[in-house]
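Engineer: One file: query_15.tsv (TSV, C-alpha atoms).
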chain	number	residue	atom	x	y	z
A	374	MET	CA	154.48	161.19	100.41
A	375	VAL	CA	152.52	164.16	99.22
A	376	SER	CA	152.57	165.53	102.79
A	377	HIS	CA	156.36	165.79	102.60
A	378	ARG	CA	156.38	168.20	99.66
A	379	ARG	CA	158.14	171.53	100.29
A	380	PHE	CA	157.44	174.48	98.05
A	381	SER	CA	158.67	177.39	100.22
A	382	HIS	CA	162.42	176.96	100.13
A	383	PRO	CA	164.23	177.90	96.93
A	384	GLY	CA	167.23	175.92	98.08
A	385	HIS	CA	165.23	172.78	97.77
A	386	SER	CA	164.05	173.34	94.18
A	387	ARG	CA	165.73	170.20	92.80
A	388	GLY	CA	164.39	168.04	95.60
A	389	THR	CA	161.02	169.59	95.10
A	390	ARG	CA	161.03	168.67	91.41
A	391	VAL	CA	162.02	165.11	92.21
A	392	THR	CA	159.37	164.85	94.88
A	393	VAL	CA	156.67	166.21	92.57
A	394	LEU	CA	157.71	163.83	89.80
A	395	SER	CA	157.69	160.93	92.25
A	396	ALA	CA	154.23	161.93	93.40
A	397	ALA	CA	153.07	162.05	89.79
A	398	ALA	CA	154.52	158.65	89.18
A	399	VAL	CA	152.73	157.24	92.19
A	400	THR	CA	149.48	158.82	91.05
A	401	ALA	CA	149.91	157.35	87.57
A	402	ALA	CA	150.75	153.95	88.99
A	403	ALA	CA	147.67	154.12	91.16
A	404	ALA	CA	145.58	155.02	88.15
A	405	LEU	CA	147.05	152.19	86.13
A	406	GLY	CA	146.56	149.87	89.03
A	407	SER	CA	142.85	150.53	88.86
A	408	VAL	CA	142.84	149.03	85.29
A	409	PRO	CA	143.61	145.33	84.77
A	410	ALA	CA	147.13	144.66	83.56
A	411	SER	CA	145.63	142.98	80.52
A	412	ALA	CA	142.36	143.43	78.71
A	413	ASP	CA	139.26	141.48	79.64
A	414	PRO	CA	140.06	137.78	79.03
A	415	ARG	CA	136.98	137.56	76.83
A	416	ASP	CA	138.31	140.42	74.72
A	417	LYS	CA	141.66	138.69	74.49
A	418	THR	CA	139.98	135.46	73.43
A	419	GLU	CA	137.94	137.25	70.78
A	420	ALA	CA	141.04	139.05	69.52
A	421	THR	CA	142.87	135.73	69.32
A	422	ARG	CA	140.00	134.15	67.44
A	423	SER	CA	139.87	137.10	65.06
A	424	THR	CA	143.59	136.77	64.39
A	425	VAL	CA	143.23	133.02	63.85
A	426	ASP	CA	140.37	133.65	61.38
A	427	ARG	CA	142.56	136.13	59.50
A	428	LEU	CA	145.45	133.67	59.43
A	429	PHE	CA	143.19	130.91	58.14
A	430	GLU	CA	141.90	133.23	55.41
A	431	GLU	CA	145.43	134.21	54.39
A	432	ALA	CA	146.51	130.57	54.47
A	433	GLU	CA	143.59	129.66	52.21
A	434	LYS	CA	144.58	132.34	49.70
A	435	ALA	CA	148.16	131.05	49.78
A	436	THR	CA	146.81	127.51	49.36
A	437	GLU	CA	145.01	128.50	46.15
A	438	ARG	CA	148.23	130.11	44.89
A	439	TYR	CA	150.04	126.89	45.79
A	440	ASN	CA	147.40	124.87	43.88
A	441	GLU	CA	147.76	127.15	40.86
A	442	ALA	CA	151.57	126.89	40.83
A	443	ASP	CA	151.41	123.13	41.33
A	444	GLU	CA	148.90	122.74	38.48
A	445	ARG	CA	151.14	124.88	36.26
A	446	ALA	CA	154.16	122.76	37.17
A	447	ASP	CA	152.27	119.55	36.35
A	448	ALA	CA	151.22	120.93	32.96
A	449	LEU	CA	154.78	122.04	32.19
A	450	ARG	CA	156.21	118.66	33.16
A	451	ALA	CA	153.77	116.93	30.82
A	452	ARG	CA	154.57	119.38	28.00
A	453	VAL	CA	158.33	118.97	28.45
A	454	ASP	CA	157.91	115.18	28.35
A	455	ARG	CA	155.89	115.42	25.11
A	456	LEU	CA	158.47	117.73	23.53
A	457	ARG	CA	161.30	115.40	24.50
A	458	ASP	CA	159.49	112.40	23.00
A	459	SER	CA	158.70	114.32	19.82
A	460	THR	CA	162.28	115.55	19.54
A	461	ALA	CA	163.66	112.06	19.99
A	462	ARG	CA	161.34	110.69	17.27
A	463	GLY	CA	162.28	113.58	14.97
A	464	GLN	CA	165.98	112.94	15.50
A	465	GLU	CA	165.53	109.25	14.67
A	466	ARG	CA	163.77	110.28	11.46
A	467	VAL	CA	166.62	112.63	10.55
A	468	ASN	CA	169.14	109.86	11.17
A	469	ARG	CA	167.23	107.46	8.90
A	470	MET	CA	166.95	110.09	6.17
A	471	ARG	CA	170.65	110.87	6.39
A	472	GLY	CA	171.44	107.16	6.09
A	473	ALA	CA	169.28	106.84	2.99
A	474	LEU	CA	170.78	109.99	1.54
A	475	GLY	CA	174.29	108.62	2.10
A	476	SER	CA	173.39	105.46	0.16
A	477	ILE	CA	172.07	107.51	-2.75
A	478	ALA	CA	175.16	109.72	-2.77
A	479	GLY	CA	177.42	106.66	-2.80
A	480	ALA	CA	175.57	105.14	-5.74
A	481	GLN	CA	175.81	108.43	-7.63
A	482	TYR	CA	179.51	108.70	-6.98
A	483	ARG	CA	180.17	105.17	-8.15
A	484	SER	CA	178.08	105.61	-11.31
A	485	GLY	CA	179.17	109.16	-12.11
A	486	GLY	CA	182.91	108.76	-11.84
A	487	VAL	CA	183.31	108.99	-15.68
A	488	ASP	CA	182.31	111.94	-17.82
A	489	PRO	CA	178.77	111.17	-19.11
A	490	ALA	CA	179.59	112.05	-22.79
A	491	LEU	CA	182.68	109.81	-22.78
A	492	ALA	CA	180.77	107.04	-21.06
A	493	LEU	CA	178.15	107.22	-23.81
A	494	LEU	CA	180.79	106.99	-26.58
A	495	LEU	CA	182.47	104.01	-24.90
A	496	SER	CA	179.27	102.24	-24.03
A	497	SER	CA	178.58	99.01	-25.87
A	498	ASP	CA	174.91	99.50	-25.09
A	499	PRO	CA	174.01	103.20	-25.44
A	500	ASP	CA	170.36	102.56	-24.76
A	501	ASN	CA	171.18	100.89	-21.46
A	502	TYR	CA	173.48	103.76	-20.53
A	503	LEU	CA	170.82	106.35	-21.28
A	504	GLY	CA	168.35	104.44	-19.17
A	505	ARG	CA	170.81	104.40	-16.27
A	506	ALA	CA	171.50	108.11	-16.69
A	507	GLU	CA	167.80	108.89	-16.54
A	508	ALA	CA	167.53	106.81	-13.38
A	509	LEU	CA	170.41	108.76	-11.85
A	510	ASP	CA	168.61	112.01	-12.65
A	511	ARG	CA	165.58	110.73	-10.80
A	512	VAL	CA	167.83	109.72	-7.91
A	513	SER	CA	169.26	113.22	-7.91
A	514	ASP	CA	165.77	114.71	-7.72
A	515	ARG	CA	164.90	112.44	-4.80
A	516	GLN	CA	168.14	113.45	-3.14
A	517	ALA	CA	167.27	117.15	-3.44
A	518	LEU	CA	163.80	116.49	-2.03
A	519	ALA	CA	165.29	114.49	0.85
A	520	LEU	CA	167.70	117.32	1.64
A	521	ARG	CA	164.85	119.82	1.78
A	522	GLU	CA	162.85	117.49	4.03
A	523	ILE	CA	165.81	116.99	6.35
A	524	GLY	CA	166.20	120.76	6.60
A	525	GLN	CA	162.52	121.17	7.52
A	526	VAL	CA	162.66	118.46	10.17
A	527	GLN	CA	165.85	119.91	11.65
A	528	ARG	CA	164.31	123.38	11.86
A	529	LYS	CA	161.28	121.90	13.63
A	530	LEU	CA	163.57	120.06	16.04
A	531	GLY	CA	165.40	123.30	16.76
A	532	ARG	CA	162.13	125.04	17.64
A	533	GLN	CA	161.07	122.16	19.85
A	534	ARG	CA	164.38	122.22	21.70
A	535	GLU	CA	164.02	125.97	22.27
A	536	GLU	CA	160.47	125.49	23.57
A	537	ALA	CA	161.60	122.68	25.85
A	538	THR	CA	164.40	124.86	27.23
A	539	GLU	CA	161.96	127.71	27.90
A	540	ASP	CA	159.45	125.34	29.49
A	541	LEU	CA	162.13	123.82	31.72
A	542	ALA	CA	163.07	127.29	32.95
A	543	GLU	CA	159.39	128.07	33.59
A	544	LEU	CA	159.03	124.72	35.35
A	545	GLU	CA	161.82	125.63	37.74
A	546	ARG	CA	160.12	128.97	38.46
A	547	SER	CA	156.83	127.16	39.11
A	548	ARG	CA	158.54	124.70	41.42
A	549	ALA	CA	160.05	127.60	43.34
A	550	ALA	CA	156.60	129.22	43.57
A	551	VAL	CA	155.11	125.97	44.85
A	552	ALA	CA	157.75	125.78	47.57
A	553	ARG	CA	157.32	129.46	48.46
A	554	HIS	CA	153.54	129.23	48.79
A	555	LYS	CA	153.87	126.01	50.75
A	556	ARG	CA	156.14	127.73	53.27
A	557	THR	CA	153.67	130.62	53.52
A	558	VAL	CA	150.76	128.29	54.22
A	559	GLU	CA	152.68	126.27	56.77
A	560	ALA	CA	153.89	129.40	58.59
A	561	LYS	CA	150.39	130.88	58.85
A	562	LEU	CA	148.87	127.59	60.00
A	563	ALA	CA	151.63	127.15	62.58
A	564	GLU	CA	150.98	130.65	63.91
A	565	ALA	CA	147.24	129.95	64.06
A	566	ARG	CA	147.87	126.74	66.01
A	567	ARG	CA	150.20	128.59	68.39
A	568	LEU	CA	147.55	131.22	69.07
A	569	LEU	CA	144.84	128.61	69.62
A	570	ASN	CA	147.09	126.68	71.97
A	571	SER	CA	147.71	129.88	73.96
A	572	LEU	CA	144.02	130.02	74.94
A	573	PRO	CA	142.90	128.53	78.26
A	574	ASP	CA	141.69	124.94	77.95
A	575	ALA	CA	138.02	125.86	78.30
A	576	GLU	CA	138.27	128.61	75.69
A	577	ARG	CA	140.23	126.36	73.35
A	578	ASP	CA	137.57	123.63	73.65
A	579	ALA	CA	134.83	126.18	73.05
A	580	ASP	CA	136.64	127.51	69.98
A	581	ARG	CA	137.13	124.02	68.62
A	582	ALA	CA	133.44	123.30	69.10
A	583	SER	CA	132.42	126.54	67.40
A	584	ARG	CA	134.68	125.81	64.43
A	585	SER	CA	133.53	122.23	64.00
A	586	GLY	CA	130.16	123.42	62.69
A	587	ARG	CA	127.30	121.04	62.10
A	588	ASP	CA	127.58	117.31	62.01
A	589	GLY	CA	126.61	117.48	58.35
A	590	ALA	CA	123.53	115.31	58.26
A	591	PRO	CA	122.01	115.20	54.75
A	592	MET	CA	119.68	118.13	54.21
A	593	SER	CA	116.67	118.69	52.06
A	594	LEU	CA	117.31	120.42	48.75
A	595	GLY	CA	114.25	122.53	49.39
A	596	GLY	CA	112.43	121.06	46.38
A	597	LEU	CA	114.89	122.67	43.96
A	598	ALA	CA	116.25	120.31	41.30
A	599	PRO	CA	119.84	120.43	40.04
A	600	ALA	CA	120.29	122.08	36.66
A	601	SER	CA	121.70	118.93	35.03
A	602	ALA	CA	122.47	115.28	35.61
A	603	ARG	CA	126.16	116.07	36.11
A	604	ALA	CA	125.31	118.74	38.71
A	605	ALA	CA	123.13	116.20	40.53
A	606	ALA	CA	125.97	113.64	40.52
A	607	ALA	CA	128.45	116.25	41.78
A	608	ALA	CA	126.07	117.30	44.56
A	609	ARG	CA	125.69	113.66	45.65
A	610	ALA	CA	129.47	113.28	45.75
A	611	ALA	CA	129.88	116.47	47.80
A	612	ARG	CA	127.24	115.28	50.28
A	613	GLY	CA	129.12	112.01	50.59
A	614	ALA	CA	132.30	113.91	51.51
A	615	VAL	CA	130.70	115.66	54.49
A	616	GLY	CA	132.65	114.83	57.65
A	617	LEU	CA	135.98	114.29	55.88
A	618	PRO	CA	138.82	116.56	57.04
A	619	TYR	CA	140.09	119.77	55.52
A	620	VAL	CA	143.61	119.11	54.23
A	621	TRP	CA	145.31	122.00	52.48
A	622	GLY	CA	146.48	121.23	48.96
A	623	ALA	CA	144.39	118.03	48.83
A	624	ASN	CA	141.70	117.08	46.32
A	625	GLY	CA	140.48	113.81	47.77
A	626	PRO	CA	139.38	111.26	48.24
A	627	SER	CA	140.16	111.25	51.99
A	628	GLY	CA	140.69	115.00	52.54
A	629	PHE	CA	140.11	118.27	50.72
A	630	ASP	CA	140.79	121.95	50.57
A	631	CYS	CA	137.93	124.11	49.26
A	632	SER	CA	138.62	123.89	45.53
A	633	GLY	CA	139.87	120.33	45.90
A	634	LEU	CA	136.42	119.30	47.14
A	635	THR	CA	134.53	120.86	44.25
A	636	GLN	CA	137.03	119.55	41.69
A	637	TRP	CA	136.76	116.04	43.12
A	638	ALA	CA	132.97	116.15	43.33
A	639	TYR	CA	132.63	117.09	39.67
A	640	ALA	CA	135.23	114.50	38.69
A	641	GLN	CA	132.85	111.89	40.12
A	642	ALA	CA	130.30	113.24	37.62
A	643	GLY	CA	132.79	112.90	34.75
A	644	VAL	CA	133.52	116.63	34.55
A	645	SER	CA	137.06	118.01	34.72
A	646	LEU	CA	137.26	121.30	36.62
A	647	PRO	CA	140.36	123.50	36.99
A	648	ARG	CA	142.26	123.13	40.25
A	649	THR	CA	141.86	126.59	41.77
A	650	SER	CA	138.78	128.38	43.06
A	651	GLN	CA	139.61	131.41	40.88
A	652	ALA	CA	139.62	129.26	37.72
A	653	GLN	CA	136.54	127.27	38.77
A	654	ARG	CA	134.69	130.54	39.06
A	655	TYR	CA	134.79	130.76	35.23
A	656	ALA	CA	134.24	127.06	34.52
A	657	GLY	CA	130.65	127.58	33.45
A	658	GLN	CA	127.80	130.05	33.20
A	659	GLN	CA	127.46	132.58	36.00
A	660	VAL	CA	123.96	132.98	37.42
A	661	PRO	CA	122.45	135.20	40.11
A	662	LEU	CA	122.55	133.88	43.67
A	663	SER	CA	118.75	134.03	43.72
A	664	GLU	CA	118.71	131.42	40.94
A	665	ALA	CA	121.28	129.06	42.48
A	666	ARG	CA	120.51	125.35	42.21
A	667	PRO	CA	122.12	122.25	43.74
A	668	GLY	CA	125.52	121.59	42.19
A	669	ASP	CA	126.23	125.24	41.38
A	670	LEU	CA	129.60	126.56	42.55
A	671	VAL	CA	129.54	129.47	44.99
A	672	ALA	CA	132.73	131.57	45.10
A	673	TYR	CA	133.46	133.84	48.05
A	674	ARG	CA	135.35	137.09	48.59
A	675	ASP	CA	136.26	139.46	45.78
A	676	ASP	CA	139.27	137.35	44.84
A	677	ALA	CA	137.26	134.07	44.81
A	678	SER	CA	139.75	132.60	47.27
A	679	HIS	CA	137.10	130.28	48.75
A	680	ILE	CA	134.50	128.12	47.01
A	681	GLY	CA	131.73	125.74	47.94
A	682	MET	CA	128.84	123.89	46.32
A	683	TYR	CA	125.26	125.02	46.65
A	684	MET	CA	122.99	122.27	47.95
A	685	GLY	CA	119.62	124.03	48.06
A	686	ASN	CA	117.69	125.25	51.08
A	687	GLY	CA	120.10	128.19	51.43
A	688	GLN	CA	123.04	125.90	52.23
A	689	VAL	CA	126.43	125.07	50.76
A	690	VAL	CA	128.78	122.16	51.35
A	691	HIS	CA	132.39	123.25	51.61
A	692	ALA	CA	135.78	122.47	53.15
A	693	PRO	CA	136.12	125.45	55.55
A	694	TYR	CA	139.65	125.57	56.97
A	695	PRO	CA	142.21	123.43	58.84
A	696	GLY	CA	140.77	121.77	61.92
A	697	ALA	CA	137.26	121.63	60.47
A	698	SER	CA	135.63	118.93	58.40
A	699	VAL	CA	133.68	119.23	55.17
A	700	ARG	CA	130.29	120.50	56.28
A	701	TYR	CA	127.09	122.41	55.55
A	702	ASP	CA	126.95	126.15	56.18
A	703	PRO	CA	124.61	128.98	55.18
A	704	VAL	CA	125.30	130.25	51.67
A	705	GLY	CA	125.71	133.76	53.08
A	706	MET	CA	128.41	132.78	55.59
A	707	MET	CA	130.76	135.27	53.88
A	708	PRO	CA	130.45	137.67	50.94
A	709	VAL	CA	129.45	135.81	47.75
A	710	SER	CA	131.33	136.98	44.66
A	711	SER	CA	129.73	134.68	42.04
A	712	VAL	CA	127.62	131.61	41.40
A	713	THR	CA	128.69	129.33	38.54
A	714	ARG	CA	126.61	126.67	36.85
A	715	VAL	CA	128.87	123.99	35.38
Using the file provided, produce a representation of the structure as structure tokens.
Structural biologist:
Amino acid sequence: MVSHRRFSHPGHSRGTRVTVLSAAAVTAAAALGSVPASADPRDKTEATRSTVDRLFEEAEKATERYNEADERADALRARVDRLRDSTARGQERVNRMRGALGSIAGAQYRSGGVDPALALLLSSDPDNYLGRAEALDRVSDRQALALREIGQVQRKLGRQREEATEDLAELERSRAAVARHKRTVEAKLAEARRLLNSLPDAERDADRASRSGRDGAPMSLGGLAPASARAAAAARAARGAVGLPYVWGANGPSGFDCSGLTQWAYAQAGVSLPRTSQAQRYAGQQVPLSEARPGDLVAYRDDASHIGMYMGNGQVVHAPYPGASVRYDPVGMMPVSSVTRV
């Protein structure tokens, strides 16, 4: 086509421009044709894996936010229940006090219907009358005390009702947050599965094998003893969970997310840990990584969005991500943000 170009005839200027542009297009197409239409399949696979890793990391962060909101909702539900019970008992007490007060008022009315001075003059037994009058004074004092007590109880009930109303509103916000974070996790995991399924069978099998990690056979603690009996018990529990599946939002006994595993393991040692990795990070004394001992909690990333348990010999046990089981990995598998001794 280049051989048909004509540059010598002004009358053909438009055709010349078209021909030159067409030639340029052909040249460009030829140049593009020399490059594969898509990147090297290996590069594409690596890019897919990188995206999947990012999605898993984001899903884990959303999972910890879900755990935090769910824990908050549970605490609020328990608090609202306690306030309701306390309010009901307080109202019953007010009702009883009002009933007793009504009886006292009725007795006073019946006894005080006549002017006291006239009643004394007409009384055939002044001493008896004076005794009854003194008793009525004491009744009146008790009545005043009962009224003050009723007022105090009612004010307390009012505060409890206000607190319950505020907590119920906060509970609804926490429930909404739970649902929102759950949708975020599910969307990211679904996208990760879609990307993994887009890989060729051989690449998908290779990726699955690379993510499965070790088989998790018990490892030596490297001669390093746990810092306490409870840390030793928690480490034993974590070792016993190796091979169980990662399940987001779960804290055992048949599946775990990262903070669910460490919470469950310490629960077997009789220690109650917070639900989230961020809170577990501050559940004890922080120590340098160089001084880590079996049972210590190792938090990862600046935001402590992942956590595992140090087992000695430079290894941690952790629940890595969906599709992988609880397993051993090197303690330096990702940036360590803190080590906590419970």
Engineer: Just the residues within 10 Å of Arg452 of chain A, please, counting only C-alpha atoms, with nothing from its chain fewer than 3 positions along; format it as a list in words.
Structural biologist: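 Listing them by chain and then by number gives Ala446, Asp447, Ala448, Leu449, Arg455, Leu456, Arg457, Asp458, Glu536, Ala537, Asp540 and Leu541 of chain A.
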Engineer: Rank A:Asn686, A:Ser698, A:Gln658, A:Asn570 by their smallest atom-to-atom distance to Gly628 of chain A, using all atoms listed in the file, and report the top residue only.
Structural biologist: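 Looking only at the distances to Gly628 of chain A, the closest residue turns out to be A:Ser698.
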Engineer: Would you compute the distance between atom CA of Ile680 of chain A and atom CA of His554 of chain A? Give it in Å to one decimal.
Structural biologist: 19.2 Å
Engineer: Using all atoms listed in the file, find the one residue out of A:Leu544, A:Ala677, A:Val712, A:Ala442 that sits nearest to Cys631 of chain A.
Structural biologist: A:Ala677
Engineer: Would you list the contacts of Lys561 of chain A as a list in words, taking every protein, DNA or RNA residue within 12 Å and counting only C-alpha atoms, but skipping same-chain residues closer than 6 positions in sequence?
Structural biologist: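 Residues near the query, excluding close chain neighbours: Thr424, Val425, Asp426, Arg427, Leu428, Phe429, Glu430, Glu431, Ala432, Glu433, Lys434, Ala435, Thr436, His554, Lys555, Arg567, Leu568 and Pro695 of chain A.
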Engineer: Would you place a box with edges along x, y and z of the file around all atoms of segment 423-440 of chain A listed there, add 4 Å to each of its six sides, and report the centre and edge lengths in Å to one decimal, as AutoDock Vina command-line options?
Structural biologist:
--center_x 145.0 --center_y 131.0 --center_z 54.5 --size_x 18.2 --size_y 20.2 --size_z 29.2
Engineer: To one decimal place in Å, what is the distance between atom CA of Gln636 of chain A and atom CA of Arg556 of chain A?
Structural biologist: 23.8 Å
Engineer: In Å, with one decimal, what is the gap from atom CA of Glu444 of chain A to atom CA of Ala606 of chain A?
Structural biologist: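 Between atom CA of Glu444 of chain A and atom CA of Ala606 of chain A the gap is 24.8 Å.
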Engineer: Pick the closest to Gly616 of chain A from A:Lys529, A:Arg445, A:Arg450, A:His691: which is it, counting all atoms listed in the file?
Structural biologist: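 The closest residue to Gly616 of chain A is A:His691.
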Engineer: I'd like the contact shell of Ala665 of chain A - 8 Å cut-off, only C-alpha atoms, skipping same-chain residues fewer than 2 positions apart - returned as a list of chain:residue names.
Structural biologist: A:Val660, A:Pro661, A:Leu662, A:Ser663, A:Pro667, A:Asp669, A:Tyr683, A:Gly685, A:Val712
Engineer: Store the residues picked out above in a file with C-alpha atoms, as a PDB file, in the frame of the given file.
Structural biologist:
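Wrote result.pdb, looks like this:
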ATOM      1  CA  VAL A 660     123.960 132.980  37.420  1.00  0.00           C
ATOM      2  CA  PRO A 661     122.450 135.200  40.110  1.00  0.00           C
ATOM      3  CA  LEU A 662     122.550 133.880  43.670  1.00  0.00           C
ATOM      4  CA  SER A 663     118.750 134.030  43.720  1.00  0.00           C
ATOM      5  CA  PRO A 667     122.120 122.250  43.740  1.00  0.00           C
ATOM      6  CA  ASP A 669     126.230 125.240  41.380  1.00  0.00           C
ATOM      7  CA  TYR A 683     125.260 125.020  46.650  1.00  0.00           C
ATOM      8  CA  GLY A 685     119.620 124.030  48.060  1.00  0.00           C
ATOM      9  CA  VAL A 712     127.620 131.610  41.400  1.00  0.00           C
TER      10      VAL A 712
END
Engineer: Hey, which of A:Gln525, A:Thr460, A:Gln651, A:Thr635 ends up closest to Arg438 of chain A? Count only C-alpha atoms.
Structural biologist: A:Gln651
Engineer: Which is closest to Arg612 of chain A among A:Leu646, A:Ile523, A:Val690, A:Ala461, if we use all atoms listed in the file?
Structural biologist: A:Val690
Engineer: May I ask which of the residues A:Leu670, A:Val689, A:Ala638, A:Val644 is the closest one to Ala610 of chain A, counting only C-alpha atoms?
Structural biologist: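 Nearest candidate to Ala610 of chain A out of A:Leu670, A:Val689, A:Ala638, A:Val644: A:Ala638.
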Engineer: Please list as a short mmCIF file (atom, residue, chain, number, x, y, z; two decimals) with C-alpha atoms, in the frame of the given file every residue within 9 Å of Gly668 of chain A, counting all atoms listed in the file and excluding residues in the same chain fewer than 4 positions away.
Structural biologist:
data_model
loop_
_atom_site.label_atom_id
_atom_site.label_comp_id
_atom_site.auth_asym_id
_atom_site.auth_seq_id
_atom_site.Cartn_x
_atom_site.Cartn_y
_atom_site.Cartn_z
CA PRO A 599 119.84 120.43 40.04
CA ALA A 600 120.29 122.08 36.66
CA SER A 601 121.70 118.93 35.03
CA ARG A 603 126.16 116.07 36.11
CA ALA A 604 125.31 118.74 38.71
CA ALA A 605 123.13 116.20 40.53
CA ALA A 606 125.97 113.64 40.52
CA ALA A 607 128.45 116.25 41.78
CA ALA A 608 126.07 117.30 44.56
CA ARG A 609 125.69 113.66 45.65
CA ALA A 611 129.88 116.47 47.80
CA TYR A 639 132.63 117.09 39.67
CA MET A 682 128.84 123.89 46.32
CA TYR A 683 125.26 125.02 46.65
CA MET A 684 122.99 122.27 47.95
CA GLY A 685 119.62 124.03 48.06
CA ARG A 714 126.61 126.67 36.85
CA VAL A 715 128.87 123.99 35.38
#
